[in-house]
Structure formats: structure tokens, C-alpha cells
>>> print(open('run07.cif').read())   # mmCIF, N, CA and C atoms
data_start
loop_
_atom_site.group_PDB
_atom_site.id
_atom_site.type_symbol
_atom_site.label_atom_id
_atom_site.label_comp_id
_atom_site.auth_asym_id
_atom_site.auth_seq_id
_atom_site.Cartn_x
_atom_site.Cartn_y
_atom_site.Cartn_z
ATOM 1 N N MET A 1 72.689 8.001 -47.769
ATOM 2 C CA MET A 1 71.615 8.852 -47.302
ATOM 3 C C MET A 1 72.175 10.136 -46.695
ATOM 4 N N LYS A 2 73.198 9.976 -45.833
ATOM 5 C CA LYS A 2 73.800 11.134 -45.177
ATOM 6 C C LYS A 2 74.428 12.062 -46.213
ATOM 7 N N ALA A 3 75.076 11.481 -47.227
ATOM 8 C CA ALA A 3 75.701 12.293 -48.274
ATOM 9 C C ALA A 3 74.644 13.039 -49.077
ATOM 10 N N GLY A 4 73.493 12.411 -49.301
ATOM 11 C CA GLY A 4 72.416 13.053 -50.038
ATOM 12 C C GLY A 4 71.866 14.254 -49.298
ATOM 13 N N ILE A 5 71.682 14.115 -47.992
ATOM 14 C CA ILE A 5 71.194 15.218 -47.178
ATOM 15 C C ILE A 5 72.203 16.354 -47.162
ATOM 16 N N LEU A 6 73.482 15.985 -47.010
ATOM 17 C CA LEU A 6 74.538 16.998 -47.008
ATOM 18 C C LEU A 6 74.570 17.751 -48.329
ATOM 19 N N SER A 7 74.424 17.029 -49.448
ATOM 20 C CA SER A 7 74.468 17.699 -50.746
ATOM 21 C C SER A 7 73.282 18.637 -50.918
ATOM 22 N N LEU A 8 72.105 18.257 -50.403
ATOM 23 C CA LEU A 8 70.953 19.147 -50.482
ATOM 24 C C LEU A 8 71.160 20.404 -49.646
ATOM 25 N N LEU A 9 71.759 20.241 -48.464
ATOM 26 C CA LEU A 9 72.053 21.404 -47.625
ATOM 27 C C LEU A 9 73.030 22.341 -48.314
ATOM 28 N N ILE A 10 74.067 21.768 -48.894
ATOM 29 C CA ILE A 10 75.082 22.585 -49.567
ATOM 30 C C ILE A 10 74.480 23.282 -50.772
ATOM 31 N N LEU A 11 73.666 22.559 -51.538
ATOM 32 C CA LEU A 11 73.011 23.169 -52.693
ATOM 33 C C LEU A 11 72.128 24.327 -52.238
ATOM 34 N N GLY A 12 71.433 24.140 -51.119
ATOM 35 C CA GLY A 12 70.609 25.220 -50.571
ATOM 36 C C GLY A 12 71.434 26.437 -50.213
ATOM 37 N N PHE A 13 72.602 26.212 -49.598
ATOM 38 C CA PHE A 13 73.492 27.329 -49.258
ATOM 39 C C PHE A 13 73.963 28.044 -50.506
ATOM 40 N N VAL A 14 74.345 27.273 -51.523
ATOM 41 C CA VAL A 14 74.856 27.880 -52.758
ATOM 42 C C VAL A 14 73.773 28.696 -53.435
ATOM 43 N N LEU A 15 72.573 28.121 -53.560
ATOM 44 C CA LEU A 15 71.502 28.822 -54.247
ATOM 45 C C LEU A 15 71.010 30.038 -53.481
ATOM 46 N N SER A 16 71.088 29.988 -52.162
ATOM 47 C CA SER A 16 70.621 31.131 -51.373
ATOM 48 C C SER A 16 71.709 32.169 -51.147
ATOM 49 N N GLY A 17 72.941 31.831 -51.497
ATOM 50 C CA GLY A 17 74.036 32.772 -51.331
ATOM 51 C C GLY A 17 74.700 32.694 -49.969
ATOM 52 N N CYS A 18 74.253 31.795 -49.108
ATOM 53 C CA CYS A 18 74.827 31.697 -47.766
ATOM 54 C C CYS A 18 76.284 31.261 -47.803
ATOM 55 N N ALA A 19 76.637 30.442 -48.767
ATOM 56 C CA ALA A 19 78.013 29.966 -48.836
ATOM 57 C C ALA A 19 78.926 30.991 -49.495
ATOM 58 N N ALA A 20 78.351 32.052 -50.001
ATOM 59 C CA ALA A 20 79.131 33.029 -50.758
ATOM 60 C C ALA A 20 79.060 34.404 -50.115
ATOM 61 N N THR A 21 79.358 34.485 -48.872
ATOM 62 C CA THR A 21 79.240 35.752 -48.156
ATOM 63 C C THR A 21 80.509 36.582 -48.215
ATOM 64 N N GLY A 22 81.504 36.141 -48.968
ATOM 65 C CA GLY A 22 82.732 36.904 -49.082
ATOM 66 C C GLY A 22 83.655 36.697 -47.896
ATOM 67 N N THR A 23 83.519 35.582 -47.214
ATOM 68 C CA THR A 23 84.329 35.339 -46.025
ATOM 69 C C THR A 23 85.613 34.594 -46.342
ATOM 70 N N GLY A 24 85.950 34.449 -47.616
ATOM 71 C CA GLY A 24 87.167 33.739 -47.973
ATOM 72 C C GLY A 24 86.978 32.241 -47.987
ATOM 73 N N GLY A 25 85.745 31.769 -48.150
ATOM 74 C CA GLY A 25 85.440 30.343 -48.173
ATOM 75 C C GLY A 25 85.795 29.711 -49.501
ATOM 76 N N ASP A 26 85.094 28.661 -49.839
ATOM 77 C CA ASP A 26 85.366 27.886 -51.046
ATOM 78 C C ASP A 26 84.598 28.380 -52.269
ATOM 79 N N PHE A 27 83.730 29.379 -52.075
ATOM 80 C CA PHE A 27 82.898 29.889 -53.161
ATOM 81 C C PHE A 27 83.099 31.398 -53.306
ATOM 82 N N TYR A 28 82.946 31.884 -54.549
ATOM 83 C CA TYR A 28 82.954 33.322 -54.790
ATOM 84 C C TYR A 28 81.613 33.904 -54.359
ATOM 85 N N ARG A 29 81.535 35.218 -54.285
ATOM 86 C CA ARG A 29 80.278 35.878 -53.915
ATOM 87 C C ARG A 29 79.151 35.506 -54.872
ATOM 88 N N SER A 30 79.485 35.154 -56.090
ATOM 89 C CA SER A 30 78.483 34.762 -57.085
ATOM 90 C C SER A 30 77.854 33.407 -56.770
ATOM 91 N N GLY A 31 78.479 32.647 -55.861
ATOM 92 C CA GLY A 31 77.978 31.314 -55.540
ATOM 93 C C GLY A 31 78.717 30.202 -56.263
ATOM 94 N N LEU A 32 79.639 30.560 -57.158
ATOM 95 C CA LEU A 32 80.398 29.551 -57.896
ATOM 96 C C LEU A 32 81.620 29.117 -57.093
ATOM 97 N N PRO A 33 82.050 27.857 -57.281
ATOM 98 C CA PRO A 33 83.274 27.403 -56.601
ATOM 99 C C PRO A 33 84.479 28.211 -57.080
ATOM 100 N N LYS A 34 85.454 28.390 -56.197
ATOM 101 C CA LYS A 34 86.674 29.110 -56.560
ATOM 102 C C LYS A 34 87.484 28.312 -57.583
ATOM 103 N N HIS A 35 88.289 29.045 -58.359
ATOM 104 C CA HIS A 35 89.039 28.431 -59.454
ATOM 105 C C HIS A 35 90.004 27.339 -58.979
ATOM 106 N N GLU A 36 90.476 27.410 -57.749
ATOM 107 C CA GLU A 36 91.409 26.397 -57.258
ATOM 108 C C GLU A 36 90.794 24.993 -57.246
ATOM 109 N N TYR A 37 89.471 24.893 -57.334
ATOM 110 C CA TYR A 37 88.791 23.599 -57.339
ATOM 111 C C TYR A 37 88.440 23.124 -58.749
ATOM 112 N N TYR A 38 88.845 23.888 -59.762
ATOM 113 C CA TYR A 38 88.598 23.526 -61.158
ATOM 114 C C TYR A 38 89.377 22.261 -61.499
ATOM 115 N N VAL A 39 88.689 21.269 -62.083
ATOM 116 C CA VAL A 39 89.371 20.016 -62.442
ATOM 117 C C VAL A 39 89.255 19.674 -63.920
ATOM 118 N N GLY A 40 88.497 20.442 -64.698
ATOM 119 C CA GLY A 40 88.404 20.155 -66.121
ATOM 120 C C GLY A 40 87.191 20.810 -66.749
ATOM 121 N N GLY A 41 86.943 20.445 -68.002
ATOM 122 C CA GLY A 41 85.798 20.990 -68.707
ATOM 123 C C GLY A 41 85.435 20.127 -69.893
ATOM 124 N N GLY A 42 84.286 20.428 -70.493
ATOM 125 C CA GLY A 42 83.836 19.697 -71.666
ATOM 126 C C GLY A 42 83.485 18.255 -71.361
ATOM 127 N N VAL A 43 83.828 17.373 -72.266
ATOM 128 C CA VAL A 43 83.589 15.944 -72.070
ATOM 129 C C VAL A 43 84.613 15.455 -71.055
ATOM 130 N N PHE A 44 84.153 14.768 -70.027
ATOM 131 C CA PHE A 44 85.058 14.436 -68.942
ATOM 132 C C PHE A 44 84.764 13.077 -68.331
ATOM 133 N N GLU A 45 85.730 12.589 -67.607
ATOM 134 C CA GLU A 45 85.559 11.487 -66.660
ATOM 135 C C GLU A 45 86.437 11.856 -65.478
ATOM 136 N N TYR A 46 85.848 11.883 -64.297
ATOM 137 C CA TYR A 46 86.578 12.302 -63.106
ATOM 138 C C TYR A 46 86.490 11.216 -62.047
ATOM 139 N N ARG A 47 87.621 10.915 -61.416
ATOM 140 C CA ARG A 47 87.660 9.951 -60.310
ATOM 141 C C ARG A 47 88.022 10.720 -59.040
ATOM 142 N N ALA A 48 87.179 10.581 -58.015
ATOM 143 C CA ALA A 48 87.361 11.317 -56.768
ATOM 144 C C ALA A 48 88.566 10.789 -55.997
ATOM 145 N N SER A 49 89.462 11.706 -55.628
ATOM 146 C CA SER A 49 90.642 11.326 -54.839
ATOM 147 C C SER A 49 90.296 11.240 -53.352
ATOM 148 N N GLU A 50 89.171 11.854 -52.977
ATOM 149 C CA GLU A 50 88.661 11.792 -51.606
ATOM 150 C C GLU A 50 87.178 12.155 -51.650
ATOM 151 N N ASP A 51 86.468 11.929 -50.548
ATOM 152 C CA ASP A 51 85.046 12.268 -50.489
ATOM 153 C C ASP A 51 84.864 13.754 -50.754
ATOM 154 N N GLY A 52 83.828 14.096 -51.504
ATOM 155 C CA GLY A 52 83.568 15.498 -51.799
ATOM 156 C C GLY A 52 82.352 15.674 -52.686
ATOM 157 N N HIS A 53 82.285 16.825 -53.331
ATOM 158 C CA HIS A 53 81.167 17.145 -54.208
ATOM 159 C C HIS A 53 81.673 17.661 -55.549
ATOM 160 N N LEU A 54 81.055 17.169 -56.612
ATOM 161 C CA LEU A 54 81.344 17.588 -57.971
ATOM 162 C C LEU A 54 80.338 18.668 -58.356
ATOM 163 N N TYR A 55 80.821 19.749 -58.956
ATOM 164 C CA TYR A 55 79.969 20.847 -59.408
ATOM 165 C C TYR A 55 80.164 21.021 -60.905
ATOM 166 N N LEU A 56 79.082 20.979 -61.670
ATOM 167 C CA LEU A 56 79.140 21.242 -63.096
ATOM 168 C C LEU A 56 78.589 22.644 -63.314
ATOM 169 N N VAL A 57 79.402 23.495 -63.934
ATOM 170 C CA VAL A 57 79.068 24.910 -64.081
ATOM 171 C C VAL A 57 78.978 25.272 -65.559
ATOM 172 N N ASP A 58 77.913 25.981 -65.919
ATOM 173 C CA ASP A 58 77.769 26.545 -67.255
ATOM 174 C C ASP A 58 78.584 27.840 -67.260
ATOM 175 N N THR A 59 79.677 27.867 -68.010
ATOM 176 C CA THR A 59 80.580 29.017 -67.997
ATOM 177 C C THR A 59 80.021 30.230 -68.741
ATOM 178 N N PHE A 60 79.046 30.024 -69.618
ATOM 179 C CA PHE A 60 78.433 31.160 -70.312
ATOM 180 C C PHE A 60 77.534 31.935 -69.360
ATOM 181 N N TRP A 61 76.710 31.227 -68.613
ATOM 182 C CA TRP A 61 75.762 31.858 -67.689
ATOM 183 C C TRP A 61 76.305 31.952 -66.261
ATOM 184 N N ASP A 62 77.490 31.379 -66.003
ATOM 185 C CA ASP A 62 78.059 31.342 -64.646
ATOM 186 C C ASP A 62 77.026 30.816 -63.649
ATOM 187 N N ARG A 63 76.565 29.614 -63.941
ATOM 188 C CA ARG A 63 75.519 28.997 -63.138
ATOM 189 C C ARG A 63 75.858 27.545 -62.853
ATOM 190 N N ILE A 64 75.627 27.119 -61.620
ATOM 191 C CA ILE A 64 75.807 25.712 -61.281
ATOM 192 C C ILE A 64 74.622 24.945 -61.847
ATOM 193 N N LEU A 65 74.909 23.949 -62.689
ATOM 194 C CA LEU A 65 73.853 23.132 -63.284
ATOM 195 C C LEU A 65 73.552 21.899 -62.446
ATOM 196 N N VAL A 66 74.622 21.264 -61.943
ATOM 197 C CA VAL A 66 74.476 19.998 -61.228
ATOM 198 C C VAL A 66 75.494 19.943 -60.100
ATOM 199 N N THR A 67 75.085 19.438 -58.954
ATOM 200 C CA THR A 67 76.030 19.077 -57.900
ATOM 201 C C THR A 67 75.814 17.609 -57.621
ATOM 202 N N ARG A 68 76.906 16.931 -57.301
ATOM 203 C CA ARG A 68 76.809 15.494 -57.062
ATOM 204 C C ARG A 68 77.809 15.100 -55.988
ATOM 205 N N PRO A 69 77.335 14.461 -54.895
ATOM 206 C CA PRO A 69 78.280 13.965 -53.897
ATOM 207 C C PRO A 69 79.025 12.767 -54.457
ATOM 208 N N MET A 70 80.302 12.649 -54.109
ATOM 209 C CA MET A 70 81.102 11.515 -54.566
ATOM 210 C C MET A 70 81.950 10.995 -53.411
ATOM 211 N N GLU A 71 82.164 9.693 -53.413
ATOM 212 C CA GLU A 71 83.024 9.072 -52.422
ATOM 213 C C GLU A 71 84.381 8.796 -53.047
ATOM 214 N N LYS A 72 85.398 8.670 -52.203
ATOM 215 C CA LYS A 72 86.756 8.406 -52.671
ATOM 216 C C LYS A 72 86.762 7.193 -53.599
ATOM 217 N N GLY A 73 87.408 7.334 -54.764
ATOM 218 C CA GLY A 73 87.524 6.258 -55.737
ATOM 219 C C GLY A 73 86.362 6.162 -56.713
ATOM 220 N N GLU A 74 85.257 6.830 -56.439
ATOM 221 C CA GLU A 74 84.099 6.807 -57.334
ATOM 222 C C GLU A 74 84.409 7.631 -58.574
ATOM 223 N N SER A 75 83.897 7.196 -59.718
ATOM 224 C CA SER A 75 84.121 7.968 -60.937
ATOM 225 C C SER A 75 82.790 8.472 -61.480
ATOM 226 N N CYS A 76 82.890 9.548 -62.245
ATOM 227 C CA CYS A 76 81.724 10.179 -62.852
ATOM 228 C C CYS A 76 82.139 10.647 -64.236
ATOM 229 N N SER A 77 81.272 10.445 -65.212
ATOM 230 C CA SER A 77 81.569 10.928 -66.558
ATOM 231 C C SER A 77 80.373 11.712 -67.073
ATOM 232 N N ILE A 78 80.567 12.394 -68.180
ATOM 233 C CA ILE A 78 79.514 13.220 -68.752
ATOM 234 C C ILE A 78 78.279 12.385 -69.061
ATOM 235 N N GLY A 79 78.457 11.109 -69.368
ATOM 236 C CA GLY A 79 77.326 10.228 -69.655
ATOM 237 C C GLY A 79 76.468 9.933 -68.439
ATOM 238 N N ASP A 80 76.994 10.164 -67.230
ATOM 239 C CA ASP A 80 76.244 9.920 -65.993
ATOM 240 C C ASP A 80 75.342 11.088 -65.612
ATOM 241 N N ILE A 81 75.499 12.216 -66.292
ATOM 242 C CA ILE A 81 74.799 13.448 -65.915
ATOM 243 C C ILE A 81 73.608 13.670 -66.836
ATOM 244 N N GLU A 82 72.451 13.891 -66.228
ATOM 245 C CA GLU A 82 71.256 14.216 -66.996
ATOM 246 C C GLU A 82 70.831 15.633 -66.650
ATOM 247 N N HIS A 83 70.854 16.508 -67.637
ATOM 248 C CA HIS A 83 70.420 17.888 -67.442
ATOM 249 C C HIS A 83 70.004 18.430 -68.808
ATOM 250 N N PRO A 84 68.857 19.099 -68.889
ATOM 251 C CA PRO A 84 68.363 19.556 -70.194
ATOM 252 C C PRO A 84 69.233 20.617 -70.862
ATOM 253 N N ASN A 85 70.013 21.379 -70.104
ATOM 254 C CA ASN A 85 70.813 22.463 -70.674
ATOM 255 C C ASN A 85 72.305 22.158 -70.680
ATOM 256 N N LEU A 86 72.668 20.900 -70.756
ATOM 257 C CA LEU A 86 74.071 20.514 -70.692
ATOM 258 C C LEU A 86 74.744 20.691 -72.051
ATOM 259 N N ASP A 87 75.605 21.685 -72.146
ATOM 260 C CA ASP A 87 76.370 21.957 -73.370
ATOM 261 C C ASP A 87 77.842 21.771 -73.021
ATOM 262 N N THR A 88 78.455 20.705 -73.514
ATOM 263 C CA THR A 88 79.831 20.381 -73.132
ATOM 264 C C THR A 88 80.834 21.430 -73.589
ATOM 265 N N ASN A 89 80.477 22.294 -74.542
ATOM 266 C CA ASN A 89 81.391 23.339 -75.002
ATOM 267 C C ASN A 89 81.582 24.448 -73.978
ATOM 268 N N ARG A 90 80.671 24.557 -73.038
ATOM 269 C CA ARG A 90 80.795 25.611 -72.035
ATOM 270 C C ARG A 90 80.648 25.069 -70.616
ATOM 271 N N LEU A 91 81.143 23.875 -70.425
ATOM 272 C CA LEU A 91 81.030 23.191 -69.144
ATOM 273 C C LEU A 91 82.355 23.231 -68.394
ATOM 274 N N ALA A 92 82.310 23.634 -67.128
ATOM 275 C CA ALA A 92 83.483 23.604 -66.257
ATOM 276 C C ALA A 92 83.156 22.669 -65.096
ATOM 277 N N ILE A 93 84.121 21.863 -64.697
ATOM 278 C CA ILE A 93 83.930 20.898 -63.626
ATOM 279 C C ILE A 93 84.807 21.299 -62.447
ATOM 280 N N TYR A 94 84.184 21.361 -61.278
ATOM 281 C CA TYR A 94 84.883 21.679 -60.031
ATOM 282 C C TYR A 94 84.664 20.528 -59.057
ATOM 283 N N TYR A 95 85.644 20.296 -58.214
ATOM 284 C CA TYR A 95 85.509 19.266 -57.182
ATOM 285 C C TYR A 95 86.015 19.831 -55.859
ATOM 286 N N ILE A 96 85.145 19.823 -54.852
ATOM 287 C CA ILE A 96 85.525 20.327 -53.534
ATOM 288 C C ILE A 96 85.463 19.179 -52.541
ATOM 289 N N PRO A 97 86.602 18.841 -51.937
ATOM 290 C CA PRO A 97 86.618 17.771 -50.927
ATOM 291 C C PRO A 97 85.733 18.133 -49.736
ATOM 292 N N VAL A 98 85.133 17.130 -49.112
ATOM 293 C CA VAL A 98 84.257 17.354 -47.964
ATOM 294 C C VAL A 98 84.976 18.138 -46.881
ATOM 295 N N ARG A 99 86.257 17.856 -46.671
ATOM 296 C CA ARG A 99 86.998 18.544 -45.613
ATOM 297 C C ARG A 99 87.096 20.042 -45.860
ATOM 298 N N GLN A 100 86.886 20.487 -47.099
ATOM 299 C CA GLN A 100 86.960 21.902 -47.453
ATOM 300 C C GLN A 100 85.595 22.603 -47.362
ATOM 301 N N LEU A 101 84.523 21.844 -47.391
ATOM 302 C CA LEU A 101 83.193 22.441 -47.423
ATOM 303 C C LEU A 101 82.818 23.035 -46.073
ATOM 304 N N PRO A 102 82.084 24.123 -46.090
ATOM 305 C CA PRO A 102 81.677 24.739 -44.826
ATOM 306 C C PRO A 102 80.684 23.859 -44.091
ATOM 307 N N GLU A 103 80.731 23.921 -42.769
ATOM 308 C CA GLU A 103 79.762 23.187 -41.959
ATOM 309 C C GLU A 103 78.394 23.826 -42.159
ATOM 310 N N PRO A 104 77.340 23.009 -42.312
ATOM 311 C CA PRO A 104 75.997 23.576 -42.449
ATOM 312 C C PRO A 104 75.637 24.391 -41.211
ATOM 313 N N GLU A 105 74.991 25.512 -41.427
ATOM 314 C CA GLU A 105 74.586 26.378 -40.334
ATOM 315 C C GLU A 105 73.263 25.884 -39.761
ATOM 316 N N VAL A 106 73.209 25.719 -38.454
ATOM 317 C CA VAL A 106 71.985 25.262 -37.781
ATOM 318 C C VAL A 106 71.158 26.491 -37.414
ATOM 319 N N ILE A 107 69.945 26.534 -37.911
ATOM 320 C CA ILE A 107 69.054 27.642 -37.618
ATOM 321 C C ILE A 107 67.996 27.143 -36.651
ATOM 322 N N GLU A 108 67.922 27.807 -35.510
ATOM 323 C CA GLU A 108 66.953 27.382 -34.469
ATOM 324 C C GLU A 108 65.784 28.304 -34.398
#
>>> encode(input="run07.cif", output="C-alpha cells")
Amino acid sequence: MKAGILSLLILGFVLSGCAATGTGGDFYRSGLPKHEYYVGGGVFEYRASEDGHLYLVDTFWDRILVTRPMEKGESCSIGDIEHPNLDTNRLAIYYIPVRQLPEPEVIE
């Protein structure tokens, strides 16, 4: 439950541009994860080395299609992802460990 809430908060930051303010964080100004978090592309199976979030990016449109929280040791493959615009020929996979993600900003 906690991971689900965290992933929704992070997705909100990414979509609103809050995580991409050019402060040298884990995302480019465009909202996409930095290349250092790239772990593969196309048809894939990924096993998390630590808790974090998986990002599936359409490289043609430079758009995040799916984000998914993952726990250490959990695996994810292309067959686990449901998205109407999923084209494995232009898919990039990024993984950002929780320890690297920015703390959610509390707005009062």
C-alpha cells in the first residue's frame, strides 16, 4: 500500500514536471529518467537489485508509458505490462532505486 502511494506521488511529480526542475536530480527537464538509470530495452525481464521504481519509456515520443514500484528480488517482464501503446521496438527501461528518488514535497 505504501509503495503504491509513493509511486502515485512520484508519477504526479514526473507528469507535472516537479521532479524535473533542472536541479541535478534523477530526471531530465523533460521528465524522463537520466540515462544512468537505463537498464535495457525491447523485450525484457528485469529483476530488482533493491527497492525502487521501473519506468518504461517510449523512445520515439520520449514519454513515460508505465511506472511500477518493485521490491528487491522481484522480477518484471514485458508480459507483465499492459499498455495500449506498447511497442517493444522503441521501448527503453529505466530503474531508479528508492534511495535515489526525491522525497515527496509536502504542500500545506
>>> resolve_selection(input="run07.cif", expression="the PyMOL selection byres ((chain A and resi 32) around 8)", output="list in words")
Val14, Ala19, Ala20, Asp26, Phe27, Tyr28, Arg29, Ser30, Gly31, Pro33, Lys34, His35, Val57, Asp62, Arg63 and Ile64 of chain A
>>> resolve_selection(input="run07.cif", expression="the PyMOL selection byres ((chain A and resi 72) around 6.5)", output="PDB file with N, CA and C atoms, in the coordinates of the input")
ATOM      1  N   ALA A  48      87.179  10.581 -58.015  1.00  0.00           N
ATOM      2  CA  ALA A  48      87.361  11.317 -56.768  1.00  0.00           C
ATOM      3  C   ALA A  48      88.566  10.789 -55.997  1.00  0.00           C
ATOM      4  N   SER A  49      89.462  11.706 -55.628  1.00  0.00           N
ATOM      5  CA  SER A  49      90.642  11.326 -54.839  1.00  0.00           C
ATOM      6  C   SER A  49      90.296  11.240 -53.352  1.00  0.00           C
ATOM      7  N   GLU A  50      89.171  11.854 -52.977  1.00  0.00           N
ATOM      8  CA  GLU A  50      88.661  11.792 -51.606  1.00  0.00           C
ATOM      9  C   GLU A  50      87.178  12.155 -51.650  1.00  0.00           C
ATOM     10  N   ASP A  51      86.468  11.929 -50.548  1.00  0.00           N
ATOM     11  CA  ASP A  51      85.046  12.268 -50.489  1.00  0.00           C
ATOM     12  C   ASP A  51      84.864  13.754 -50.754  1.00  0.00           C
ATOM     13  N   GLY A  52      83.828  14.096 -51.504  1.00  0.00           N
ATOM     14  CA  GLY A  52      83.568  15.498 -51.799  1.00  0.00           C
ATOM     15  C   GLY A  52      82.352  15.674 -52.686  1.00  0.00           C
ATOM     16  N   MET A  70      80.302  12.649 -54.109  1.00  0.00           N
ATOM     17  CA  MET A  70      81.102  11.515 -54.566  1.00  0.00           C
ATOM     18  C   MET A  70      81.950  10.995 -53.411  1.00  0.00           C
ATOM     19  N   GLU A  71      82.164   9.693 -53.413  1.00  0.00           N
ATOM     20  CA  GLU A  71      83.024   9.072 -52.422  1.00  0.00           C
ATOM     21  C   GLU A  71      84.381   8.796 -53.047  1.00  0.00           C
ATOM     22  N   GLY A  73      87.408   7.334 -54.764  1.00  0.00           N
ATOM     23  CA  GLY A  73      87.524   6.258 -55.737  1.00  0.00           C
ATOM     24  C   GLY A  73      86.362   6.162 -56.713  1.00  0.00           C
ATOM     25  N   GLU A  74      85.257   6.830 -56.439  1.00  0.00           N
ATOM     26  CA  GLU A  74      84.099   6.807 -57.334  1.00  0.00           C
ATOM     27  C   GLU A  74      84.409   7.631 -58.574  1.00  0.00           C
TER      28      GLU A  74
END
>>> axis_aligned_box(input="run07.cif", around="stretch 46-56 of chain A", padding_each_side="4 Å", output="JSON")
{"center_x": 84.6, "center_y": 16.3, "center_z": -57.4, "size_x": 20.1, "size_y": 20.7, "size_z": 21.8}
>>> atom_distance(input="run07.cif", atom1="atom CA of A:Leu91", atom2="atom N of A:Gly25")
23.2 Å
>>> closest_residue(input="run07.cif", among="A:Cys76, A:Val106, A:Val98, A:Ile93", to="A:Val39", atoms="only N, CA and C atoms")
A:Ile93
>>> closest_residue(input="run07.cif", among="A:Tyr94, A:Pro84, A:Glu105, A:Ser75", to="A:Tyr38", atoms="all atoms listed in the file")
A:Tyr94
>>> residues_near_point(input="run07.cif", point="(77.7, 31.3, -74.3)", cutoff="12 Å", atoms="only C-alpha atoms", output="MDAnalysis selection string")
chainID A and resid 58:63 85:91
>>> atom_distance(input="run07.cif", atom1="atom CA of A:Leu65", atom2="atom CA of A:His83")
7.5 Å
>>> closest_residue(input="run07.cif", among="A:Ala92, A:Ile107, A:Ser77, A:Glu82", to="A:Tyr55", atoms="all atoms listed in the file")
A:Ala92
>>> atom_distance(input="run07.cif", atom1="atom C of A:His53", atom2="atom N of A:Arg99")
10.0 Å
>>> residues_around(input="run07.cif", residues="A:Leu54", least_positions_apart="5", cutoff="7 Å", atoms="only C-alpha atoms", output="VMD selection string")
chain A and resid 67 to 70 94 to 96
